[in-house]
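S.K.: Below is one structure. I have some questions about it.
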Amino acid sequence: MTDRQTGLIVALDTRDPTQAERWAQAVTPHASVIKLGLEFAYAAGFDAVARLAAGRALFLDLKLHDIPNTVGAAVGSLTSLKPAMLTIHASGGSAMVAAASAARNDAFDTGTRPLLLAVTVLTSLDDAALAETGVAGGARAQVLRLAELALRNGADGLVCSAHELEALRRELGESPVLVTPGIRPAGAAAGDQKRVMTPGEARRAGADWIVVGRPITGADDPAAAAAAIAAELTS
């Protein structure tokens, strides 16, 4: 896979709106998008999400997963937040992905429609963990199955481990947007992520966007950490 232009998304994983705002101010000069997920939304509420996202591109990582009608209604309820990206679980099935896509298209104006990204296999899961849930064949095979299902039913792209990037590009081509969490700079602790890769490696493997959280927000100087990763993506 040749080098590509890859954007940096910084995950602001905190319950504290004040802390999230400090991080956002520090990283915004170096990151294209900020990510807010379940921890922040549940603790601080969606009004706080809206305030933090004002003037910034938002990756709203709620990983919606329910019956099709409920997921479609949930997507339609998020228009005021104007997310640039929104996640669902591909494992919800064809009808659920299609309902999310239809609701996104109906509820959002053309210029404000978020990218609908389907989560394939969480980066905290490896082959053994999947086997415990009854999924045979390993993570890579499951990622490809769910990726094809999601794209066939209206998803714009996928959230996937860096270790599946090359296989997805080979099987699906350049069109799907691939967003990759579990990114760790060289020497950083993996934490609870089991399938990790450096920013430069992920770019070369085919990622359109990488998601980095603790290596930036846990650094003594988050701005410098974000700047270093952004520089690696363009070097």
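Labeling convention for the structure tokens: chains A, B, ... as they appear, residues from 1 per chain, ligands from 1 in order of appearance.
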Skipping near chain neighbours, those fewer than 4 positions away, what residues fall within 6 Å of range 90-97 of chain A using only C-alpha atoms, listed as a short mmCIF file (atom, residue, chain, number, x, y, z; two decimals) with C-alpha atoms, in the first residue's frame?
M.R.:
data_model
loop_
_atom_site.label_atom_id
_atom_site.label_comp_id
_atom_site.auth_asym_id
_atom_site.auth_seq_id
_atom_site.Cartn_x
_atom_site.Cartn_y
_atom_site.Cartn_z
CA HIS A 65 -26.59 -1.21 18.13
CA PRO A 68 -33.45 -1.27 13.13
CA ALA A 118 -19.62 0.72 10.85
CA VAL A 119 -17.59 -0.84 13.64
CA THR A 120 -16.44 -4.28 12.58
CA LEU A 146 -19.02 -7.42 8.54
CA ALA A 150 -22.11 -2.77 6.17
CA ASN A 153 -26.31 -1.59 3.18
#
S.K.: DSSP on the backbone: which residues in range 151-234 of chain A end up as strand (DSSP E)? Give the answer as a list in words.
M.R.: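 Those residues are Gly157, Leu158, Val159, Val177, Leu178, Val179, Thr180, Trp209, Ile210, Val211 and Val212 of chain A.
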S.K.: As number ranges by chain, please: the residues near Ser77 in chain A (cut-off 10 Å, only C-alpha atoms, same-chain neighbours under 3 positions excluded).
M.R.: A: 71-74, 80-81, 103-104, 107
S.K.: Could you give me, as a list in words, the residues within 6 Å of range 46-61 of chain A, counting only C-alpha atoms and dropping anything in the same chain fewer than 5 positions from it?
M.R.: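 That gives Val33, Ile34, Lys35, Leu36, Gly37, Ala41, Leu81, Pro83, Ala84, Met85, Leu86 and Thr87 of chain A.
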S.K.: Could you save those same residues with N, CA and C atoms as a compact mmCIF listing (two decimals), in the first residue's frame?
M.R.:
# COMPACT_ATOMS: atom_id res chain seq x y z
N VAL A 33 -10.11 16.33 13.71
CA VAL A 33 -11.40 15.94 14.29
C VAL A 33 -11.18 15.58 15.76
N ILE A 34 -12.17 15.89 16.61
CA ILE A 34 -12.18 15.39 17.97
C ILE A 34 -13.23 14.29 18.08
N LYS A 35 -12.96 13.31 18.93
CA LYS A 35 -13.90 12.20 19.12
C LYS A 35 -14.45 12.23 20.53
N LEU A 36 -15.77 12.18 20.63
CA LEU A 36 -16.46 12.03 21.91
C LEU A 36 -17.31 10.77 21.84
N GLY A 37 -17.26 10.02 22.94
CA GLY A 37 -17.96 8.74 22.94
C GLY A 37 -18.89 8.58 24.12
N ALA A 41 -20.57 11.38 26.75
CA ALA A 41 -21.98 11.67 26.51
C ALA A 41 -22.85 11.25 27.69
N LEU A 81 -26.50 18.00 16.72
CA LEU A 81 -25.08 17.92 17.06
C LEU A 81 -24.19 18.07 15.83
N PRO A 83 -22.70 16.00 13.72
CA PRO A 83 -21.44 15.26 13.71
C PRO A 83 -20.90 15.10 12.29
N ALA A 84 -19.59 15.09 12.19
CA ALA A 84 -18.96 14.80 10.90
C ALA A 84 -18.89 13.31 10.65
N MET A 85 -18.85 12.53 11.74
CA MET A 85 -18.79 11.07 11.67
C MET A 85 -19.65 10.50 12.77
N LEU A 86 -20.26 9.36 12.48
CA LEU A 86 -21.15 8.70 13.43
C LEU A 86 -20.98 7.20 13.31
N THR A 87 -20.91 6.51 14.45
CA THR A 87 -20.66 5.06 14.40
C THR A 87 -21.88 4.23 14.77
S.K.: Compare A:Leu168, A:Leu12, A:Ala129, A:Ala207 by their minimum atom-to-atom distance to Gln25 in chain A, counting only C-alpha atoms, and give me the closest one.
M.R.: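 Under the stated criterion, the closest residue is A:Leu12.
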